[in-house]
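J.: The following block contains the structure, expressed as structure tokens.
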Amino acid sequence: MSDKQASLRYFTPLKEVNSCGQGTLAAASVAFKCGLNQTADWVELQTTNGLIRCYQQSNEQGDYYAFAAKQPTRLLLHLDEERLLALSPDWQKLREVQQQHNVTALFAFSWLPSHKAHVKDRMFSPQMGINEDPVNGNSVIAFSRVLIHLCQSGGQSLPDEIYAYQGFSFDRRGTVRVTLSTHKMPENSVRLAGQVVQLYQFHMELK
């Protein structure tokens with residue numbers, strides 16, 4: 001650990017994974033609170049997926065954190081809303097498909113070109129030990145890249161923001177808002193940002 005760098009690893013109930021958007025934002029919040037940023041507006045987190053630079057910024061709602069996220073490897077499934085709501089995967093078979101094709105998750109979404117700023121989605125990742133993640137940012141990253149490609153290839157304007165509605169199958173509803181921009185971003189990446197709410201705090205000793 002240096003003045004502006006800390007190491008970060010991600011674990012699910014089943015295995016260690018090399019990326020987690022929510023975990024990265026939470027770790028950035030802790031790093032700033034611990035003073036790792038010194039006087040700069042960023043901290044660097046060393047992960048198994050490489051070095052991630054996270055920025056602290058502010059708006060009318062308070063502080064939030066942002067970083068450039070690489071596009072994860074995912075299967076995307078486009079369904080109408082009724083089929084999306086009724087989807088009930090066979091977890092063992094889905095795990096085998098993910099292992100066979102070396103993908104981290106299946107992202108199922110319902111979206112209409114006439115309402116391109118709004119999407120309903122579900123994310124399944126039994127290979128990582130998470131059958132379904134109720135609210136997450138990584139699936140919206142995947143959809144954002146697809147939407148940018150569709151708009152650019154079809155000569156359509158890109159919406160300023162996407163609203164992704166999630167968690168409805170758990171009755172744990174949440175909305176992820178994504179701001180889209182194709183400027184000043186590393187290739188094959190999008191900017192993921194969010195606010196962090198601390199629910200509890202504890203210390204753990206590892207031996």
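In the structure tokens, each chain is lettered A, B, ... as it comes, each chain's residues begin at 1, and ligands are numbered from 1 in order of appearance.
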So that I can see what lies close to range 130-139 of chain A, please list as a VMD selection string the residues with an atom at most 7 Å from it, counting only C-alpha atoms and leaving out residues fewer than 5 positions away in the same chain.

T.: chain A and resid 21 to 22 91 107 123 to 125 166 to 167 170 172 174 176

J.: Range 58-106 of chain A: which residues are strand (DSSP E) by DSSP, as a VMD selection string?

T.: chain A and resid 58 to 59 62 to 70 74 to 78 105 to 106

J.: One decimal, Å: what's the distance from CA of Met204 in chain A over to CA of Asn18 in chain A, could you say?

T.: 21.6 Å

J.: Please list as a PyMOL selection string every residue within 12 Å of Gln156 in chain A, counting only C-alpha atoms and excluding residues in the same chain fewer than 3 positions away.

T.: chain A and resi 113-114+116+147-153+159

J.: Atoms to include: N, CA, C and O atoms. Write the selected residues as a compact mmCIF listing (two decimals), in the first residue's frame.

T.:
# COMPACT_ATOMS: atom_id res chain seq x y z
N PRO A 113 -36.69 0.20 -29.07
CA PRO A 113 -35.96 1.33 -29.67
C PRO A 113 -36.69 2.66 -29.50
O PRO A 113 -36.05 3.71 -29.42
N SER A 114 -38.02 2.62 -29.42
CA SER A 114 -38.77 3.87 -29.26
C SER A 114 -38.65 4.43 -27.85
O SER A 114 -38.99 5.58 -27.60
N LYS A 116 -35.56 4.10 -25.90
CA LYS A 116 -34.20 3.58 -25.75
C LYS A 116 -33.51 4.02 -24.47
O LYS A 116 -32.46 3.49 -24.12
N LEU A 147 -26.07 -0.51 -26.78
CA LEU A 147 -26.89 0.62 -27.21
C LEU A 147 -26.05 1.64 -27.98
O LEU A 147 -26.49 2.18 -29.00
N ILE A 148 -24.83 1.91 -27.51
CA ILE A 148 -23.95 2.84 -28.22
C ILE A 148 -23.68 2.33 -29.63
O ILE A 148 -23.74 3.08 -30.61
N HIS A 149 -23.41 1.02 -29.75
CA HIS A 149 -23.14 0.43 -31.07
C HIS A 149 -24.37 0.54 -31.98
O HIS A 149 -24.25 0.92 -33.16
N LEU A 150 -25.56 0.22 -31.44
CA LEU A 150 -26.77 0.26 -32.25
C LEU A 150 -27.07 1.68 -32.72
O LEU A 150 -27.45 1.89 -33.88
N CYS A 151 -26.91 2.65 -31.84
CA CYS A 151 -27.19 4.04 -32.22
C CYS A 151 -26.19 4.54 -33.25
O CYS A 151 -26.57 5.21 -34.23
N GLN A 152 -24.92 4.24 -33.06
CA GLN A 152 -23.90 4.71 -33.99
C GLN A 152 -24.04 4.05 -35.35
O GLN A 152 -23.93 4.70 -36.38
N SER A 153 -24.29 2.73 -35.37
CA SER A 153 -24.40 2.02 -36.65
C SER A 153 -25.69 2.38 -37.38
O SER A 153 -25.75 2.32 -38.61
N PRO A 159 -29.02 8.58 -26.32
CA PRO A 159 -29.63 9.25 -25.17
C PRO A 159 -28.56 9.68 -24.18
O PRO A 159 -27.52 9.04 -24.05

J.: As JSON, numbers by chain, please: all residues of range 74-149 of chain A that backbone DSSP puts in alpha helix (DSSP H).

T.: {"A": [81, 82, 83, 84, 85, 86, 91, 92, 93, 94, 95, 96, 97, 98, 99, 100, 101, 138, 139, 140, 141, 142, 143, 144, 145, 146, 147, 148, 149]}

J.: Mind giving me the straight-line distance from CA of Arg177 in chain A to CA of Glu81 in chain A in Å, one decimal?

T.: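 These atoms are spaced 19.5 Å apart.
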
J.: How many Å separate CA of His203 in chain A from CA of Tyr55 in chain A?

T.: 24.9 Å

J.: Could you give me, as a list of chain:residue names, the residues within 8 Å of Leu75 in chain A, counting only C-alpha atoms and dropping anything in the same chain fewer than 2 positions from it?

T.: A:Thr73, A:Leu77, A:Val103, A:Ala105, A:Leu106, A:Phe107

J.: Would you mind listing what lies within 8 Å of Ser144 in chain A as JSON, numbers by chain, with only C-alpha atoms counted and same-chain residues fewer than 4 positions away left out?

T.: {"A": [140, 148, 162, 180, 190]}
